[in-house]
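Q: target08.cif is the file, holding mmCIF, C-alpha atoms and all ligand atoms:
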data_target
loop_
_atom_site.label_atom_id
_atom_site.label_comp_id
_atom_site.auth_asym_id
_atom_site.auth_seq_id
_atom_site.Cartn_x
_atom_site.Cartn_y
_atom_site.Cartn_z
CA MET A 259 50.82 145.51 119.73
CA ASN A 260 50.37 141.94 118.53
CA PHE A 261 52.91 139.31 119.58
CA ILE A 262 55.12 137.93 116.81
CA PRO A 263 55.98 134.33 117.75
CA LEU A 264 59.15 132.60 116.61
CA MET A 265 57.11 130.10 114.64
CA VAL A 266 53.56 129.58 113.42
CA PRO A 267 52.99 126.17 111.80
CA SER A 268 52.14 126.16 108.09
CA LEU A 269 48.74 124.58 108.60
CA GLN A 270 45.72 125.54 106.51
CA GLU A 271 42.03 124.73 106.92
CA GLU A 272 42.28 122.29 104.00
CA ASP A 273 45.01 120.31 105.83
CA ILE A 274 42.78 120.04 108.89
CA GLN A 275 39.81 118.99 106.75
CA ALA A 276 41.94 116.33 105.11
CA ALA A 277 42.77 114.89 108.55
CA VAL A 278 39.16 115.09 109.76
CA LYS A 279 37.91 113.26 106.69
CA VAL A 280 40.23 110.35 107.43
CA MET A 281 39.24 110.33 111.12
CA ARG A 282 35.58 110.03 110.08
CA SER A 283 36.41 107.09 107.84
CA GLY A 284 37.41 105.04 110.88
CA MET A 285 40.67 103.95 109.24
CA LEU A 286 43.20 105.54 111.54
CA VAL A 287 46.57 103.82 111.57
CA GLN A 288 49.03 103.24 108.74
CA GLY A 289 47.03 102.40 105.64
CA LYS A 290 46.24 103.79 102.23
CA GLU A 291 46.75 107.45 103.20
CA VAL A 292 50.28 106.67 104.39
CA GLU A 293 50.95 104.83 101.16
CA ALA A 294 49.60 107.75 99.11
CA LEU A 295 51.83 110.18 101.00
CA GLU A 296 54.87 107.96 100.47
CA ASN A 297 54.17 107.90 96.73
CA LYS A 298 53.74 111.64 96.66
CA ILE A 299 57.08 112.24 98.37
CA GLU A 300 58.86 109.69 96.17
CA THR A 301 57.64 111.62 93.12
CA LYS A 302 58.46 115.03 94.55
CA LEU A 303 61.99 114.16 95.66
CA GLY A 304 62.74 111.78 92.80
CA VAL A 305 63.64 109.05 95.27
CA ARG A 306 62.78 105.37 94.91
CA ASN A 307 61.51 104.75 98.43
CA ALA A 308 59.89 107.01 101.00
CA ILE A 309 58.80 105.35 104.23
CA ALA A 310 56.60 107.27 106.66
CA ALA A 311 57.21 107.03 110.40
CA SER A 312 56.01 108.51 113.66
CA ASN A 313 58.64 111.28 113.80
CA GLY A 314 62.03 112.40 112.55
CA THR A 315 63.90 110.77 115.43
CA ALA A 316 62.31 107.36 114.83
CA THR A 317 63.46 107.58 111.20
CA LEU A 318 67.10 108.21 112.19
CA HIS A 319 66.92 105.46 114.81
CA MET A 320 65.62 102.90 112.29
CA ALA A 321 68.22 103.94 109.72
CA LEU A 322 71.04 103.16 112.17
CA VAL A 323 69.45 99.83 113.13
CA ALA A 324 68.94 98.85 109.48
CA LEU A 325 72.60 99.60 108.73
CA GLY A 326 73.63 97.34 111.62
CA ILE A 327 75.32 100.13 113.56
CA GLY A 328 75.73 99.43 117.26
CA LYS A 329 78.13 98.77 120.10
CA GLY A 330 81.77 99.54 119.31
CA ASP A 331 80.87 101.64 116.26
CA GLU A 332 81.44 105.36 115.83
CA VAL A 333 79.23 107.77 113.93
CA ILE A 334 80.34 111.26 112.96
CA VAL A 335 77.75 113.99 113.63
CA PRO A 336 77.94 117.78 113.60
CA ALA A 337 78.63 119.36 117.01
CA PHE A 338 75.86 121.89 116.30
CA SER A 339 72.42 120.46 115.56
CA TYR A 340 69.24 119.47 117.30
CA THR A 341 70.35 116.95 119.94
CA ALA A 342 68.28 114.12 118.40
CA THR A 343 70.99 113.74 115.72
CA ALA A 344 73.40 112.42 118.37
CA ASN A 345 70.81 110.85 120.69
CA VAL A 346 69.95 108.19 118.11
CA VAL A 347 73.60 107.14 117.96
CA GLU A 348 73.53 106.68 121.74
CA LEU A 349 70.25 104.77 121.44
CA VAL A 350 71.86 102.04 119.32
CA GLY A 351 74.84 101.84 121.69
CA ALA A 352 77.31 103.46 119.29
CA LYS A 353 79.47 106.50 119.97
CA PRO A 354 78.79 109.91 118.43
CA VAL A 355 81.97 111.64 117.33
CA PHE A 356 81.50 115.36 116.91
CA ALA A 357 82.73 117.49 114.01
CA ASP A 358 82.81 121.26 114.08
CA ILE A 359 80.69 123.37 111.74
CA ASP A 360 81.17 126.41 109.55
CA THR A 361 79.53 129.56 110.95
CA LYS A 362 78.74 130.85 107.46
CA ASP A 363 76.01 128.27 106.86
CA PHE A 364 75.96 126.41 110.23
CA ASN A 365 76.60 123.11 108.47
CA ILE A 366 79.17 120.42 109.21
CA ASN A 367 82.64 121.31 107.92
CA PRO A 368 83.89 118.45 105.68
CA GLN A 369 87.48 119.48 106.56
CA ALA A 370 86.73 118.69 110.20
CA ILE A 371 85.56 115.15 109.39
CA HIS A 372 88.87 113.70 108.09
CA PRO A 373 90.81 113.68 111.37
CA LEU A 374 87.88 112.04 113.17
CA ILE A 375 87.75 108.89 111.06
CA SER A 376 88.97 105.81 112.90
CA ARG A 377 88.84 102.03 112.39
CA ASN A 378 85.50 102.06 114.19
CA THR A 379 83.83 104.76 112.13
CA LYS A 380 80.79 103.36 110.35
CA ALA A 381 78.74 106.34 109.26
CA ILE A 382 78.36 110.09 108.96
CA ILE A 383 75.10 111.87 109.75
CA PRO A 384 75.41 115.25 108.05
CA VAL A 385 72.59 117.65 108.93
CA HIS A 386 71.08 120.08 106.43
CA GLU A 387 70.89 122.67 109.16
CA PHE A 388 68.09 125.23 109.22
CA GLY A 389 66.92 124.08 105.77
CA LEU A 390 70.12 124.54 103.78
CA ALA A 391 71.79 121.47 102.27
CA CYS A 392 75.31 120.92 103.57
CA ASP A 393 78.35 120.37 101.33
CA ILE A 394 77.13 116.88 100.54
CA ALA A 395 79.46 116.28 97.56
CA SER A 396 82.53 116.53 99.81
CA ILE A 397 80.92 114.35 102.44
CA ARG A 398 79.99 111.68 99.91
CA GLN A 399 83.57 111.68 98.68
CA ILE A 400 84.92 111.17 102.20
CA ALA A 401 82.32 108.45 102.81
CA SER A 402 83.18 106.55 99.66
CA ASP A 403 86.94 106.84 100.29
CA HIS A 404 86.48 105.32 103.74
CA HIS A 405 83.50 103.00 103.07
CA LEU A 406 81.17 104.84 105.42
CA PHE A 407 77.41 105.05 105.33
CA VAL A 408 75.75 108.44 105.01
CA ILE A 409 72.44 109.26 106.68
CA GLU A 410 71.24 112.74 105.79
CA ASP A 411 69.44 114.38 108.68
CA ALA A 412 67.16 116.47 106.50
CA ALA A 413 64.60 117.02 109.29
CA CYS A 414 64.51 120.75 108.49
CA ALA A 415 65.21 120.47 104.80
CA LEU A 416 62.24 119.09 102.87
CA GLY A 417 62.55 120.60 99.39
CA ALA A 418 66.21 121.59 99.81
CA GLN A 419 68.29 120.97 96.69
CA GLN A 420 71.86 120.97 95.57
CA ASN A 421 72.75 121.09 91.89
CA ASN A 422 69.06 120.40 91.20
CA CYS A 423 68.98 117.18 93.20
CA HIS A 424 66.73 116.93 96.25
CA ALA A 425 68.03 116.31 99.75
CA GLY A 426 67.05 112.76 100.65
CA ASN A 427 68.84 111.32 97.61
CA PHE A 428 72.43 111.92 98.64
CA GLY A 429 72.96 109.29 101.30
CA ASP A 430 72.07 105.70 102.08
CA PHE A 431 69.12 107.29 103.88
CA GLY A 432 67.50 110.70 104.10
CA SER A 433 65.47 111.56 107.19
CA PHE A 434 62.69 114.17 107.38
CA SER A 435 60.45 115.51 110.13
CA PHE A 436 56.91 116.93 110.17
CA HIS A 437 57.16 118.54 113.58
CA PRO A 438 55.36 121.95 113.73
CA ARG A 439 58.73 123.73 113.51
CA LYS A 440 59.36 122.24 110.05
CA ALA A 441 58.03 123.32 106.64
CA ILE A 442 55.03 120.96 106.64
CA THR A 443 53.48 119.46 109.73
CA SER A 444 51.21 116.77 111.10
CA GLY A 445 52.08 117.54 114.72
CA GLU A 446 54.46 114.59 114.88
CA GLY A 447 55.64 112.74 111.80
CA GLY A 448 58.69 111.62 109.87
CA MET A 449 59.79 110.23 106.53
CA LEU A 450 62.79 108.12 105.64
CA THR A 451 64.02 107.98 102.05
CA THR A 452 66.38 105.55 100.37
CA ASN A 453 67.26 104.46 96.85
CA ASN A 454 68.26 101.01 98.15
CA GLU A 455 65.46 98.42 97.88
CA GLN A 456 66.83 96.02 100.51
CA LEU A 457 67.23 98.80 103.05
CA ALA A 458 63.71 100.04 102.28
CA GLU A 459 62.28 96.58 102.88
CA LYS A 460 64.16 96.32 106.16
CA ILE A 461 62.81 99.69 107.33
CA ARG A 462 59.23 98.71 106.48
CA ILE A 463 59.69 95.61 108.65
CA LEU A 464 61.37 97.50 111.52
CA ARG A 465 58.67 100.18 111.49
CA ASN A 466 55.89 97.66 112.05
CA HIS A 467 56.90 95.33 114.92
CA GLY A 468 59.29 93.33 112.75
CA ILE A 469 56.46 91.88 110.67
CA GLN A 470 57.13 90.44 107.23
CA TYR A 471 54.28 89.16 105.10
CA ASN A 472 54.85 85.94 103.19
CA ASN A 473 51.84 85.18 100.96
CA ALA A 474 49.68 87.37 103.22
CA LYS A 475 50.85 85.36 106.24
CA MET A 476 52.38 87.34 109.09
CA ASP A 477 55.84 86.43 110.26
CA PHE A 478 57.82 88.28 112.95
CA VAL A 479 61.34 88.35 111.58
CA GLU A 480 62.87 91.21 113.63
CA ALA A 481 62.48 92.64 117.13
CA GLY A 482 60.91 95.70 115.52
CA PHE A 483 59.42 98.98 116.67
CA ASN A 484 56.05 100.56 116.39
CA TYR A 485 57.17 103.66 114.53
CA ARG A 486 54.14 103.89 112.24
CA MET A 487 52.46 107.11 111.14
CA THR A 488 48.67 107.39 111.45
CA ASP A 489 46.56 107.74 108.32
CA PHE A 490 45.10 111.09 109.40
CA GLN A 491 48.57 112.53 109.88
CA ALA A 492 49.53 111.27 106.44
CA ALA A 493 46.50 113.04 104.94
CA MET A 494 47.56 116.29 106.65
CA VAL A 495 51.10 116.04 105.31
CA ALA A 496 49.90 115.11 101.82
CA SER A 497 47.66 118.16 101.82
CA GLY A 498 50.56 120.36 102.95
CA MET A 499 52.84 118.85 100.29
CA ASP A 500 50.66 120.47 97.60
CA ARG A 501 51.85 123.83 98.91
CA LEU A 502 55.50 122.96 99.59
CA ASP A 503 56.96 125.01 96.72
CA GLU A 504 54.73 127.92 97.59
CA ILE A 505 55.72 127.77 101.28
CA ILE A 506 59.41 127.71 100.40
CA GLN A 507 59.04 130.60 97.93
CA THR A 508 57.18 132.69 100.49
CA LYS A 509 59.89 132.06 103.06
CA GLN A 510 62.63 132.87 100.54
CA ALA A 511 60.95 136.20 99.81
CA LEU A 512 60.73 136.92 103.56
CA ALA A 513 64.41 136.01 104.03
CA GLU A 514 65.25 138.53 101.31
CA ILE A 515 63.60 141.22 103.41
CA TYR A 516 65.85 140.29 106.33
CA PHE A 517 68.86 140.47 104.03
CA GLU A 518 67.80 143.85 102.70
CA PHE A 519 67.10 145.53 106.01
CA LEU A 520 69.12 143.70 108.64
CA ASP A 521 72.44 145.47 108.46
CA HIS A 522 74.12 145.85 111.82
CA PRO A 523 77.87 145.85 112.53
CA LEU A 524 77.38 143.46 115.49
CA VAL A 525 75.20 140.96 113.59
CA GLU A 526 76.31 138.29 111.11
CA VAL A 527 73.62 137.09 108.71
CA PRO A 528 73.78 133.59 107.14
CA SER A 529 75.21 133.05 103.66
CA VAL A 530 73.72 130.87 100.92
CA PRO A 531 76.00 129.20 98.35
CA LYS A 532 74.84 129.74 94.76
CA TYR A 533 74.18 126.13 93.80
CA ARG A 534 71.94 125.40 96.80
CA ASN A 535 68.46 126.69 97.59
CA HIS A 536 67.74 127.64 101.17
CA THR A 537 64.34 126.46 102.40
CA TRP A 538 64.58 128.71 105.49
CA GLN A 539 63.32 126.48 108.23
CA THR A 540 65.10 129.03 110.42
CA PHE A 541 66.67 132.44 109.81
CA HIS A 542 69.65 132.15 112.12
CA ILE A 543 72.00 135.02 112.88
CA LEU A 544 75.14 135.32 114.98
CA LEU A 545 75.51 138.08 117.53
CA HIS A 546 78.86 139.63 118.32
CA GLU A 547 80.69 138.27 121.40
CA ARG A 548 80.05 141.54 123.24
CA ILE A 549 76.30 140.91 123.17
CA ASN A 550 74.54 138.90 125.87
CA ARG A 551 72.19 136.73 123.82
CA GLU A 552 69.92 135.80 126.76
CA LYS A 553 69.29 139.47 127.46
CA ILE A 554 68.41 140.07 123.80
CA ILE A 555 65.85 137.24 123.98
CA GLU A 556 64.32 138.81 127.11
CA ALA A 557 64.32 142.35 125.75
CA MET A 558 62.69 141.33 122.48
CA LYS A 559 60.07 139.31 124.33
CA VAL A 560 59.10 142.43 126.26
CA GLN A 561 58.68 144.14 122.89
CA GLY A 562 56.35 141.35 121.74
CA ILE A 563 58.75 139.29 119.65
CA GLY A 564 59.60 135.63 120.14
CA VAL A 565 63.22 134.81 119.37
CA ASN A 566 65.33 131.97 120.73
CA TYR A 567 68.54 130.04 120.26
CA GLY A 568 68.57 127.95 117.09
CA ALA A 569 70.25 124.62 117.92
CA GLN A 570 72.49 123.07 120.53
CA CYS A 571 76.21 122.54 120.79
CA ILE A 572 75.52 118.86 121.49
CA PRO A 573 78.73 117.92 123.37
CA ALA A 574 78.05 120.86 125.72
CA GLN A 575 74.67 119.42 126.81
CA THR A 576 74.60 117.81 130.25
CA TYR A 577 74.29 114.17 129.12
CA TYR A 578 77.17 114.45 126.65
CA LYS A 579 79.26 116.66 128.92
CA ASN A 580 79.01 114.10 131.71
CA LYS A 581 79.67 111.13 129.47
CA TYR A 582 82.44 112.37 127.16
CA LYS A 583 83.88 115.35 129.07
CA LEU A 584 84.78 117.23 125.91
CA ASN A 585 85.86 120.85 126.09
CA SER A 586 83.42 122.16 123.48
CA LYS A 587 84.76 125.69 123.46
CA GLU A 588 88.21 124.44 122.45
CA LEU A 589 87.29 121.45 120.31
CA TYR A 590 84.26 122.90 118.48
CA PRO A 591 84.71 126.67 118.60
CA ASN A 592 82.25 127.35 115.77
CA ALA A 593 79.55 125.08 117.16
CA PHE A 594 80.08 126.59 120.59
CA ARG A 595 79.86 130.14 119.32
CA SER A 596 76.75 129.35 117.26
CA TYR A 597 75.16 127.90 120.38
CA GLN A 598 76.15 130.81 122.64
CA GLN A 599 75.66 133.72 120.25
CA GLY A 600 73.17 132.31 117.74
CA LEU A 601 69.67 133.68 117.46
CA ALA A 602 66.73 132.31 115.46
CA LEU A 603 64.46 135.08 114.17
CA PRO A 604 60.78 134.56 113.28
CA LEU A 605 60.26 133.24 109.76
CA TYR A 606 57.03 131.58 108.68
CA GLU A 607 54.47 131.74 105.92
CA ARG A 608 52.13 134.25 107.56
CA LEU A 609 54.84 136.74 108.54
CA LYS A 610 54.48 140.17 106.91
CA LYS A 611 57.08 142.66 105.76
CA GLU A 612 55.99 145.10 108.53
CA ASP A 613 56.59 142.30 111.07
CA ILE A 614 60.13 141.80 109.83
CA LEU A 615 60.85 145.52 109.97
CA ARG A 616 59.54 145.56 113.54
CA ILE A 617 61.71 142.55 114.44
CA ILE A 618 64.82 144.22 113.01
CA GLN A 619 64.06 147.47 114.83
CA SER A 620 63.50 145.62 118.08
CA LEU A 621 66.75 143.68 117.68
CA SER A 622 68.64 146.87 116.94
CA ASN A 623 67.13 148.59 120.01
CA ALA A 624 67.94 145.62 122.23
CA ILE A 625 71.55 145.66 121.04
CA SER A 626 71.87 149.44 121.54
CA ASN A 627 70.63 149.11 125.11
CA GLN A 628 73.47 146.68 125.83
CA CYS A 629 76.42 148.14 124.00
C1 LIG A 701 63.52 118.39 114.34
C2 LIG A 701 64.79 117.68 114.16
C3 LIG A 701 64.93 116.32 114.45
C4 LIG A 701 63.88 115.51 115.13
O1 LIG A 701 62.67 115.45 114.47
P1 LIG A 701 61.37 115.04 115.32
O2 LIG A 701 60.35 114.79 114.28
O3 LIG A 701 61.04 116.21 116.19
O4 LIG A 701 61.71 113.82 116.09
C5 LIG A 701 66.14 115.71 114.16
N1 LIG A 701 67.16 116.39 113.63
C6 LIG A 701 67.06 117.70 113.36
C7 LIG A 701 68.23 118.42 112.74
C8 LIG A 701 65.89 118.40 113.62
O5 LIG A 701 65.81 119.71 113.37
#
Render the structure in this file as structure tokens.
Ligand SMILES: *Cc1c(COP(=O)(O)O)cnc(C)c1O

A:
Amino acid sequence: MNFIPLMVPSLQEEDIQAAVKVMRSGMLVQGKEVEALENKIETKLGVRNAIAASNGTATLHMALVALGIGKGDEVIVPAFSYTATANVVELVGAKPVFADIDTKDFNINPQAIHPLISRNTKAIIPVHEFGLACDIASIRQIASDHHLFVIEDAACALGAQQNNCHAGNFGDFGSFSFHPRKAITSGEGGMLTTNNEQLAEKIRILRNHGIQYNNAKMDFVEAGFNYRMTDFQAAMVASGMDRLDEIIQTKQALAEIYFEFLDHPLVEVPSVPKYRNHTWQTFHILLHERINREKIIEAMKVQGIGVNYGAQCIPAQTYYKNKYKLNSKELYPNAFRSYQQGLALPLYERLKKEDILRIIQSLSNAISNQC
């Protein structure tokens, strides 16, 4: 029986050829391919500026630096996400303040944000978790009431929309990733979007060693980073972008198969609000408390299926536990439960209906053997 991995990157021969062509040209680092990709994403998302970077952590890091967030500042982040969302706050010397999530869609709960706002709060980083846009309207309202910046962590959510507006347009910044686990990949890669010209200019300077060009003369005006994307990666992503809608539609059709056939009293499937499209970076379920998730992962692996946990309860990770000593189970019960009992099931372009039926059968068997 063939092994069904958790993820197979959406990479086609034409994407590889696009990268190879650029490699042969000898023009490797940030150049015209990066610029072409930025234009392509600006058009696709309807955003004024897209700035390519080396990955989706670099983009978040630069966003915080550009907004002047640092020591003494607090930034509200969801308690359940990939840890990078909070790590970048630590990197600029600010303090991440965790908000619990909703287990229906695994996104930050706007209700949980209010009580966390203090005099030091400067920004919110809502995550569009697993490819579904969060309740961004409520978050924008809170942000404008309290004069806070919003950085959308849309690492998993390229192509996600809400009321027909693309993720990446809702905040001061939108941050995307092209890691192999995301919809489109160049191995490593990231994109930062903003509708603010001054912020865009600042990011372009920060990305490239702090260099500003005045009449073609180089001036170093910031202690910047090297967070550039290479031109061959840009060509790969640009090639993948041509299939973005198709990739999302394929994954939506596959998710429908899960919804149709995955019906188990001890399994909660995710819900999708009507006015948002799910781009299905991950199909994430919740197992009943009675089930030992680790044993399910092991049992399914033996049956040739790769499943794993979906994201972390960040304050429960060693670094954060040691530093902030927060009782995650009490303070963030939904994030904690999603971390303990959550399971990401395979979902990628090349998955077949038979594969999904086999995954569901295997899950059901693994649960039966435990309960
Ligand atoms: C993947 C991911 C990141 C980090 O992106 P990289 O490109 O791997 O650095 C950040 N936030 C979230 C929510 C992610 O899923």

Q: Given a cut-off of 6 Å, what residues near ligand LIG 701 (chain A) show up using only C-alpha atoms and all ligand atoms, put as a compact mmCIF listing (two decimals) with C-alpha atoms, in the coordinates of the input?

A:
# COMPACT_ATOMS: atom_id res chain seq x y z
CA ASN A 313 58.64 111.28 113.80
CA GLY A 314 62.03 112.40 112.55
CA THR A 315 63.90 110.77 115.43
CA SER A 339 72.42 120.46 115.56
CA TYR A 340 69.24 119.47 117.30
CA ALA A 342 68.28 114.12 118.40
CA THR A 343 70.99 113.74 115.72
CA VAL A 385 72.59 117.65 108.93
CA ASP A 411 69.44 114.38 108.68
CA ALA A 413 64.60 117.02 109.29
CA CYS A 414 64.51 120.75 108.49
CA SER A 435 60.45 115.51 110.13
CA PHE A 436 56.91 116.93 110.17
CA HIS A 437 57.16 118.54 113.58
CA GLU A 446 54.46 114.59 114.88
CA GLY A 447 55.64 112.74 111.80
CA GLY A 448 58.69 111.62 109.87

Q: Looking at A:Lys290, A:Val350, A:Tyr597, A:Ser396, which one is nearest to Gln369 in chain A, with distances taken over only C-alpha atoms?

A: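 For Gln369 in chain A, the nearest of the candidates is A:Ser396.
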
Q: Excluding Gly426 in chain A and residues on its chain fewer than 4 positions from it, collect all residues at most 7 Å away from it, counting all atoms listed in the file, and give them as a list of chain:residue names.

A: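 Here the answer would be A:Glu410, A:Ala412, A:Phe431, A:Gly432, A:Ser433, A:Thr451.
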
Q: Which of these residues is nearest to Asn592 in chain A, using all atoms listed in the file: A:Lys362, A:Lys302, A:His386, A:Arg282?

A: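 With all atoms listed in the file as the atom set, the closest residue is A:Lys362.
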
Q: Residues within 6 Å of (60.2, 127.1, 102.3), file coordinates, counting all atoms listed in the file: what are they? Give the list as JSON, numbers by chain.

A: {"A": [505, 506, 507, 509, 537, 538]}

Q: Rank A:Asp477, A:Asn307, A:His536, A:Ala321 by their smallest atom-to-atom distance to Ala418 in chain A, using all atoms listed in the file, and report the top residue only.

A: A:His536
